[in-house]
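Everything on this sheet refers to the single structure shown next.
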Amino acid sequence: MARRFITVEDIHRANGAELVLDAETVVTPQALEAARAAGIVLRGPNGNYAEPAPDRGPDAGNVQRHLPHMPEPPSEFSGGTGVVVTAVGRNRPGILAQITAALSQGGASVIDISQKTVDDWFHLVLTVELLGDATFESLSQRLSALGGEDDFVVRAMHERVFRFMHRV
């Protein structure tokens, strides 16, 4: 049976102070907030509304048995915090220098770099290591301030998050 989703619009259309839902109904976070604000009580078959268990599909049991036992990919970094930096945009002289200067000022050391340019566009991927008391948050803010809407965009991601995203 398909699940039903309750949205903010459903809450606004509700007539009364109570909305009775079946066990498989999912209420969006925004709808929960709207119901609280409007004083509407959400009820399930056994009392107050409880979010149903997620439907993880037919392979869920197999995945839960095997994924937790997969070994952690080996780290290629000698220490500190690894960060994957990507930059994409319109090519012009000095972009690589601008990005590496920001990395240096942010306390990051470049471990590896890959760049591809096609016509007037470039794509750059760097793996860097944060040194000393440098933080991911300050480096990420420094990098996201580079470029502009029509120039290029720089993003930073923790190396561990990047590795876990790409392990399956």
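Numbering starts fresh at 1 for the residues of each chain in the structure tokens, the chains themselves are lettered A, B, ... in the order given, and ligands are numbered from 1 as they appear.
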Would you list the contacts of Ile95 in chain A as an mmCIF file with N, CA and C atoms, in the first residue's frame, taking every protein, DNA or RNA residue within 10 Å and counting only C-alpha atoms, but skipping same-chain residues closer than 3 positions in sequence?
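The new file selection-v9.cif reads:
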data_model
loop_
_atom_site.group_PDB
_atom_site.id
_atom_site.type_symbol
_atom_site.label_atom_id
_atom_site.label_comp_id
_atom_site.auth_asym_id
_atom_site.auth_seq_id
_atom_site.Cartn_x
_atom_site.Cartn_y
_atom_site.Cartn_z
ATOM 1 N N ALA A 87 36.050 22.870 -7.320
ATOM 2 C CA ALA A 87 35.790 24.199 -7.894
ATOM 3 C C ALA A 87 35.371 23.998 -9.344
ATOM 4 N N GLY A 89 33.746 26.316 -12.807
ATOM 5 C CA GLY A 89 33.324 27.619 -13.304
ATOM 6 C C GLY A 89 33.968 28.013 -14.600
ATOM 7 N N ARG A 90 33.803 29.289 -14.917
ATOM 8 C CA ARG A 90 34.368 29.848 -16.148
ATOM 9 C C ARG A 90 35.862 30.090 -15.921
ATOM 10 N N ASN A 91 36.675 29.610 -16.849
ATOM 11 C CA ASN A 91 38.124 29.709 -16.707
ATOM 12 C C ASN A 91 38.617 31.120 -16.997
ATOM 13 N N ARG A 92 39.626 31.522 -16.245
ATOM 14 C CA ARG A 92 40.312 32.797 -16.466
ATOM 15 C C ARG A 92 41.671 32.697 -15.781
ATOM 16 N N GLN A 98 44.274 31.878 -6.892
ATOM 17 C CA GLN A 98 43.331 32.423 -5.912
ATOM 18 C C GLN A 98 42.864 31.332 -4.946
ATOM 19 N N ILE A 99 42.564 30.153 -5.483
ATOM 20 C CA ILE A 99 42.084 29.058 -4.638
ATOM 21 C C ILE A 99 43.198 28.551 -3.728
ATOM 22 N N THR A 100 44.397 28.328 -4.266
ATOM 23 C CA THR A 100 45.488 27.813 -3.430
ATOM 24 C C THR A 100 45.939 28.848 -2.397
ATOM 25 N N ALA A 101 45.839 30.133 -2.719
ATOM 26 C CA ALA A 101 46.167 31.168 -1.725
ATOM 27 C C ALA A 101 45.167 31.113 -0.572
ATOM 28 N N PHE A 122 36.260 25.134 -16.363
ATOM 29 C CA PHE A 122 37.214 24.276 -15.671
ATOM 30 C C PHE A 122 36.514 23.513 -14.549
ATOM 31 N N LEU A 146 34.943 32.797 -2.335
ATOM 32 C CA LEU A 146 35.655 33.024 -3.588
ATOM 33 C C LEU A 146 34.690 33.015 -4.765
ATOM 34 N N GLY A 147 35.161 33.512 -5.894
ATOM 35 C CA GLY A 147 34.352 33.468 -7.120
ATOM 36 C C GLY A 147 33.188 34.420 -7.049
ATOM 37 N N ASP A 151 31.287 33.619 -12.145
ATOM 38 C CA ASP A 151 32.694 33.258 -12.239
ATOM 39 C C ASP A 151 32.893 31.773 -11.942
ATOM 40 N N PHE A 152 32.982 31.406 -10.676
ATOM 41 C CA PHE A 152 33.170 30.010 -10.299
ATOM 42 C C PHE A 152 32.656 29.777 -8.889
#
**Request:** Just the residues within 9 Å of range 15-21 of chain A, please, counting only C-alpha atoms, with nothing from its chain fewer than 4 positions along; format it as a PyMOL selection string.
**Result:** chain A and resi 11+25-26+38-45+49
**Prompt:** Could you state the separation of CA of Ser104 in chain A and CA of His123 in chain A in Å, given to one decimal place?
**Reply:** 19.9 Å
**Prompt:** Out of A:Asp133, A:Ala108, A:Pro29, A:Val84, which residue has the shortest atom-to-atom distance to Met157 in chain A when counting only C-alpha atoms?
**Reply:**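 The closest residue to Met157 in chain A is A:Val84.
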**Asked** Can you list, as a ChimeraX atom specification, every protein, DNA or RNA residue that comes within 9 Å of Ile6 in chain A when you count only C-alpha atoms, leaving out same-chain residues fewer than 2 positions away?
**Response** /A:4,8-11,25-28,31-32
Keeping only C-alpha atoms, write the selected residues as an mmCIF file, in the first residue's frame.
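Output file result_34.cif is given in full below:
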data_model
loop_
_atom_site.group_PDB
_atom_site.id
_atom_site.type_symbol
_atom_site.label_atom_id
_atom_site.label_comp_id
_atom_site.auth_asym_id
_atom_site.auth_seq_id
_atom_site.Cartn_x
_atom_site.Cartn_y
_atom_site.Cartn_z
ATOM 1 C CA ARG A 4 0.122 9.036 2.284
ATOM 2 C CA VAL A 8 1.211 22.100 5.294
ATOM 3 C CA GLU A 9 -1.642 22.542 2.810
ATOM 4 C CA ASP A 10 -3.400 19.500 4.316
ATOM 5 C CA ILE A 11 -3.071 21.047 7.779
ATOM 6 C CA THR A 25 0.763 8.223 7.032
ATOM 7 C CA VAL A 26 3.903 10.380 7.023
ATOM 8 C CA VAL A 27 3.638 13.996 8.191
ATOM 9 C CA THR A 28 6.272 16.365 6.824
ATOM 10 C CA ALA A 31 3.243 20.120 8.501
ATOM 11 C CA LEU A 32 4.085 19.082 12.083
#
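Atom pair CA of Leu130 in chain A / CA of Ala145 in chain A has a distance of 18.3 Å (rounded to one decimal).
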**Request:** Write down as a VMD selection string the residues belonging to range 13-167 of chain A that are assigned strand (DSSP E) by DSSP computed on the backbone.
**Result:** chain A and resid 18 to 20 26 to 27 41 to 44 47 to 48 81 to 90 108 to 118 121 to 130 152 to 158
Could you find all residues in chain A that DSSP calls alpha helix (DSSP H) from the backbone, and write them as a PDB file with N, CA and C atoms, in the first residue's frame?
ATOM      1  N   VAL A   8       1.730  20.886   4.657  1.00  0.00           N
ATOM      2  CA  VAL A   8       1.211  22.100   5.294  1.00  0.00           C
ATOM      3  C   VAL A   8      -0.166  22.440   4.723  1.00  0.00           C
ATOM      4  N   GLU A   9      -0.350  22.247   3.427  1.00  0.00           N
ATOM      5  CA  GLU A   9      -1.642  22.542   2.810  1.00  0.00           C
ATOM      6  C   GLU A   9      -2.741  21.669   3.410  1.00  0.00           C
ATOM      7  N   ASP A  10      -2.428  20.391   3.682  1.00  0.00           N
ATOM      8  CA  ASP A  10      -3.400  19.500   4.316  1.00  0.00           C
ATOM      9  C   ASP A  10      -3.779  20.006   5.704  1.00  0.00           C
ATOM     10  N   ILE A  11      -2.812  20.513   6.435  1.00  0.00           N
ATOM     11  CA  ILE A  11      -3.071  21.047   7.779  1.00  0.00           C
ATOM     12  C   ILE A  11      -3.977  22.268   7.682  1.00  0.00           C
ATOM     13  N   HIS A  12      -3.714  23.145   6.718  1.00  0.00           N
ATOM     14  CA  HIS A  12      -4.539  24.353   6.545  1.00  0.00           C
ATOM     15  C   HIS A  12      -5.974  24.005   6.160  1.00  0.00           C
ATOM     16  N   ARG A  13      -6.165  22.887   5.433  1.00  0.00           N
ATOM     17  CA  ARG A  13      -7.515  22.478   5.032  1.00  0.00           C
ATOM     18  C   ARG A  13      -8.237  21.679   6.117  1.00  0.00           C
ATOM     19  N   PRO A  29       7.911  17.524   8.247  1.00  0.00           N
ATOM     20  CA  PRO A  29       8.296  18.376   9.377  1.00  0.00           C
ATOM     21  C   PRO A  29       7.600  19.736   9.355  1.00  0.00           C
ATOM     22  N   GLN A  30       7.409  20.293   8.168  1.00  0.00           N
ATOM     23  CA  GLN A  30       6.745  21.582   8.053  1.00  0.00           C
ATOM     24  C   GLN A  30       5.280  21.462   8.470  1.00  0.00           C
ATOM     25  N   ALA A  31       4.634  20.335   8.115  1.00  0.00           N
ATOM     26  CA  ALA A  31       3.243  20.120   8.501  1.00  0.00           C
ATOM     27  C   ALA A  31       3.126  19.927  10.011  1.00  0.00           C
ATOM     28  N   LEU A  32       4.092  19.233  10.615  1.00  0.00           N
ATOM     29  CA  LEU A  32       4.085  19.082  12.083  1.00  0.00           C
ATOM     30  C   LEU A  32       4.148  20.447  12.758  1.00  0.00           C
ATOM     31  N   GLU A  33       5.013  21.310  12.249  1.00  0.00           N
ATOM     32  CA  GLU A  33       5.156  22.660  12.809  1.00  0.00           C
ATOM     33  C   GLU A  33       3.867  23.468  12.608  1.00  0.00           C
ATOM     34  N   ALA A  34       3.261  23.360  11.427  1.00  0.00           N
ATOM     35  CA  ALA A  34       2.018  24.080  11.146  1.00  0.00           C
ATOM     36  C   ALA A  34       0.887  23.576  12.037  1.00  0.00           C
ATOM     37  N   ALA A  35       0.837  22.263  12.289  1.00  0.00           N
ATOM     38  CA  ALA A  35      -0.208  21.706  13.167  1.00  0.00           C
ATOM     39  C   ALA A  35      -0.036  22.225  14.590  1.00  0.00           C
ATOM     40  N   ARG A  36       1.212  22.270  15.068  1.00  0.00           N
ATOM     41  CA  ARG A  36       1.464  22.804  16.417  1.00  0.00           C
ATOM     42  C   ARG A  36       1.028  24.260  16.499  1.00  0.00           C
ATOM     43  N   ALA A  37       1.391  25.038  15.482  1.00  0.00           N
ATOM     44  CA  ALA A  37       1.059  26.470  15.473  1.00  0.00           C
ATOM     45  C   ALA A  37      -0.447  26.697  15.421  1.00  0.00           C
ATOM     46  N   ALA A  38      -1.163  25.822  14.716  1.00  0.00           N
ATOM     47  CA  ALA A  38      -2.620  25.970  14.584  1.00  0.00           C
ATOM     48  C   ALA A  38      -3.381  25.292  15.728  1.00  0.00           C
ATOM     49  N   ALA A  60      16.765  -4.460   2.376  1.00  0.00           N
ATOM     50  CA  ALA A  60      17.192  -3.795   3.608  1.00  0.00           C
ATOM     51  C   ALA A  60      17.866  -4.750   4.584  1.00  0.00           C
ATOM     52  N   GLY A  61      17.297  -5.921   4.785  1.00  0.00           N
ATOM     53  CA  GLY A  61      17.897  -6.875   5.727  1.00  0.00           C
ATOM     54  C   GLY A  61      19.284  -7.289   5.310  1.00  0.00           C
ATOM     55  N   ASN A  62      19.477  -7.568   4.044  1.00  0.00           N
ATOM     56  CA  ASN A  62      20.786  -7.965   3.540  1.00  0.00           C
ATOM     57  C   ASN A  62      21.810  -6.843   3.706  1.00  0.00           C
ATOM     58  N   VAL A  63      21.405  -5.631   3.410  1.00  0.00           N
ATOM     59  CA  VAL A  63      22.299  -4.481   3.542  1.00  0.00           C
ATOM     60  C   VAL A  63      22.695  -4.277   4.997  1.00  0.00           C
ATOM     61  N   GLN A  64      21.744  -4.356   5.928  1.00  0.00           N
ATOM     62  CA  GLN A  64      22.058  -4.147   7.333  1.00  0.00           C
ATOM     63  C   GLN A  64      22.985  -5.232   7.865  1.00  0.00           C
ATOM     64  N   ARG A  65      22.902  -6.428   7.324  1.00  0.00           N
ATOM     65  CA  ARG A  65      23.799  -7.503   7.772  1.00  0.00           C
ATOM     66  C   ARG A  65      25.213  -7.319   7.249  1.00  0.00           C
ATOM     67  N   HIS A  66      25.385  -6.755   6.064  1.00  0.00           N
ATOM     68  CA  HIS A  66      26.698  -6.723   5.448  1.00  0.00           C
ATOM     69  C   HIS A  66      27.420  -5.376   5.505  1.00  0.00           C
ATOM     70  N   ILE A  95      42.783  31.776 -11.385  1.00  0.00           N
ATOM     71  CA  ILE A  95      41.823  31.078 -10.521  1.00  0.00           C
ATOM     72  C   ILE A  95      42.534  30.084  -9.611  1.00  0.00           C
ATOM     73  N   LEU A  96      43.412  29.270 -10.175  1.00  0.00           N
ATOM     74  CA  LEU A  96      44.124  28.281  -9.353  1.00  0.00           C
ATOM     75  C   LEU A  96      44.940  28.983  -8.266  1.00  0.00           C
ATOM     76  N   ALA A  97      45.580  30.075  -8.609  1.00  0.00           N
ATOM     77  CA  ALA A  97      46.355  30.833  -7.620  1.00  0.00           C
ATOM     78  C   ALA A  97      45.449  31.389  -6.524  1.00  0.00           C
ATOM     79  N   GLN A  98      44.274  31.878  -6.892  1.00  0.00           N
ATOM     80  CA  GLN A  98      43.331  32.423  -5.912  1.00  0.00           C
ATOM     81  C   GLN A  98      42.864  31.332  -4.946  1.00  0.00           C
ATOM     82  N   ILE A  99      42.564  30.153  -5.483  1.00  0.00           N
ATOM     83  CA  ILE A  99      42.084  29.058  -4.638  1.00  0.00           C
ATOM     84  C   ILE A  99      43.198  28.551  -3.728  1.00  0.00           C
ATOM     85  N   THR A 100      44.397  28.328  -4.266  1.00  0.00           N
ATOM     86  CA  THR A 100      45.488  27.813  -3.430  1.00  0.00           C
ATOM     87  C   THR A 100      45.939  28.848  -2.397  1.00  0.00           C
ATOM     88  N   ALA A 101      45.839  30.133  -2.719  1.00  0.00           N
ATOM     89  CA  ALA A 101      46.167  31.168  -1.725  1.00  0.00           C
ATOM     90  C   ALA A 101      45.167  31.113  -0.572  1.00  0.00           C
ATOM     91  N   ALA A 102      43.875  30.939  -0.888  1.00  0.00           N
ATOM     92  CA  ALA A 102      42.862  30.833   0.164  1.00  0.00           C
ATOM     93  C   ALA A 102      43.092  29.590   1.009  1.00  0.00           C
ATOM     94  N   LEU A 103      43.496  28.494   0.382  1.00  0.00           N
ATOM     95  CA  LEU A 103      43.801  27.273   1.135  1.00  0.00           C
ATOM     96  C   LEU A 103      44.980  27.509   2.082  1.00  0.00           C
ATOM     97  N   SER A 104      46.015  28.156   1.587  1.00  0.00           N
ATOM     98  CA  SER A 104      47.182  28.446   2.418  1.00  0.00           C
ATOM     99  C   SER A 104      46.822  29.356   3.586  1.00  0.00           C
ATOM    100  N   GLN A 105      46.063  30.408   3.317  1.00  0.00           N
ATOM    101  CA  GLN A 105      45.639  31.329   4.380  1.00  0.00           C
ATOM    102  C   GLN A 105      44.735  30.638   5.387  1.00  0.00           C
ATOM    103  N   PHE A 136      37.675  23.108   9.749  1.00  0.00           N
ATOM    104  CA  PHE A 136      36.926  22.899   8.521  1.00  0.00           C
ATOM    105  C   PHE A 136      35.972  24.056   8.266  1.00  0.00           C
ATOM    106  N   GLU A 137      35.279  24.508   9.308  1.00  0.00           N
ATOM    107  CA  GLU A 137      34.285  25.565   9.157  1.00  0.00           C
ATOM    108  C   GLU A 137      34.912  26.851   8.615  1.00  0.00           C
ATOM    109  N   SER A 138      36.057  27.249   9.178  1.00  0.00           N
ATOM    110  CA  SER A 138      36.673  28.498   8.713  1.00  0.00           C
ATOM    111  C   SER A 138      37.196  28.347   7.290  1.00  0.00           C
ATOM    112  N   LEU A 139      37.751  27.168   6.961  1.00  0.00           N
ATOM    113  CA  LEU A 139      38.238  26.948   5.603  1.00  0.00           C
ATOM    114  C   LEU A 139      37.066  26.948   4.618  1.00  0.00           C
ATOM    115  N   SER A 140      35.988  26.285   4.980  1.00  0.00           N
ATOM    116  CA  SER A 140      34.822  26.219   4.108  1.00  0.00           C
ATOM    117  C   SER A 140      34.253  27.621   3.841  1.00  0.00           C
ATOM    118  N   GLN A 141      34.163  28.447   4.871  1.00  0.00           N
ATOM    119  CA  GLN A 141      33.670  29.820   4.693  1.00  0.00           C
ATOM    120  C   GLN A 141      34.608  30.626   3.795  1.00  0.00           C
ATOM    121  N   ARG A 142      35.896  30.472   4.002  1.00  0.00           N
ATOM    122  CA  ARG A 142      36.884  31.201   3.202  1.00  0.00           C
ATOM    123  C   ARG A 142      36.757  30.820   1.724  1.00  0.00           C
ATOM    124  N   LEU A 143      36.586  29.518   1.462  1.00  0.00           N
ATOM    125  CA  LEU A 143      36.503  29.052   0.079  1.00  0.00           C
ATOM    126  C   LEU A 143      35.184  29.434  -0.582  1.00  0.00           C
ATOM    127  N   SER A 144      34.089  29.370   0.170  1.00  0.00           N
ATOM    128  CA  SER A 144      32.787  29.689  -0.432  1.00  0.00           C
ATOM    129  C   SER A 144      32.670  31.175  -0.762  1.00  0.00           C
ATOM    130  N   GLU A 159      36.753  14.855   4.165  1.00  0.00           N
ATOM    131  CA  GLU A 159      37.243  13.701   3.416  1.00  0.00           C
ATOM    132  C   GLU A 159      36.545  12.416   3.851  1.00  0.00           C
ATOM    133  N   ARG A 160      36.259  12.259   5.141  1.00  0.00           N
ATOM    134  CA  ARG A 160      35.573  11.052   5.603  1.00  0.00           C
ATOM    135  C   ARG A 160      34.153  10.971   5.047  1.00  0.00           C
ATOM    136  N   VAL A 161      33.447  12.093   4.977  1.00  0.00           N
ATOM    137  CA  VAL A 161      32.106  12.107   4.400  1.00  0.00           C
ATOM    138  C   VAL A 161      32.196  11.719   2.923  1.00  0.00           C
ATOM    139  N   PHE A 162      33.163  12.279   2.222  1.00  0.00           N
ATOM    140  CA  PHE A 162      33.356  11.973   0.805  1.00  0.00           C
ATOM    141  C   PHE A 162      33.621  10.478   0.613  1.00  0.00           C
ATOM    142  N   ARG A 163      34.499   9.887   1.429  1.00  0.00           N
ATOM    143  CA  ARG A 163      34.812   8.457   1.294  1.00  0.00           C
ATOM    144  C   ARG A 163      33.593   7.598   1.601  1.00  0.00           C
ATOM    145  N   PHE A 164      32.817   7.934   2.638  1.00  0.00           N
ATOM    146  CA  PHE A 164      31.647   7.139   2.968  1.00  0.00           C
ATOM    147  C   PHE A 164      30.579   7.255   1.887  1.00  0.00           C
ATOM    148  N   MET A 165      30.435   8.426   1.270  1.00  0.00           N
ATOM    149  CA  MET A 165      29.455   8.585   0.195  1.00  0.00           C
ATOM    150  C   MET A 165      29.790   7.688  -0.995  1.00  0.00           C
TER     151      MET A 165
END
**Item:** Distance of CA of Pro93 in chain A from CA of Thr117 in chain A, expressed in Å to one decimal place
**Value:** 12.3 Å
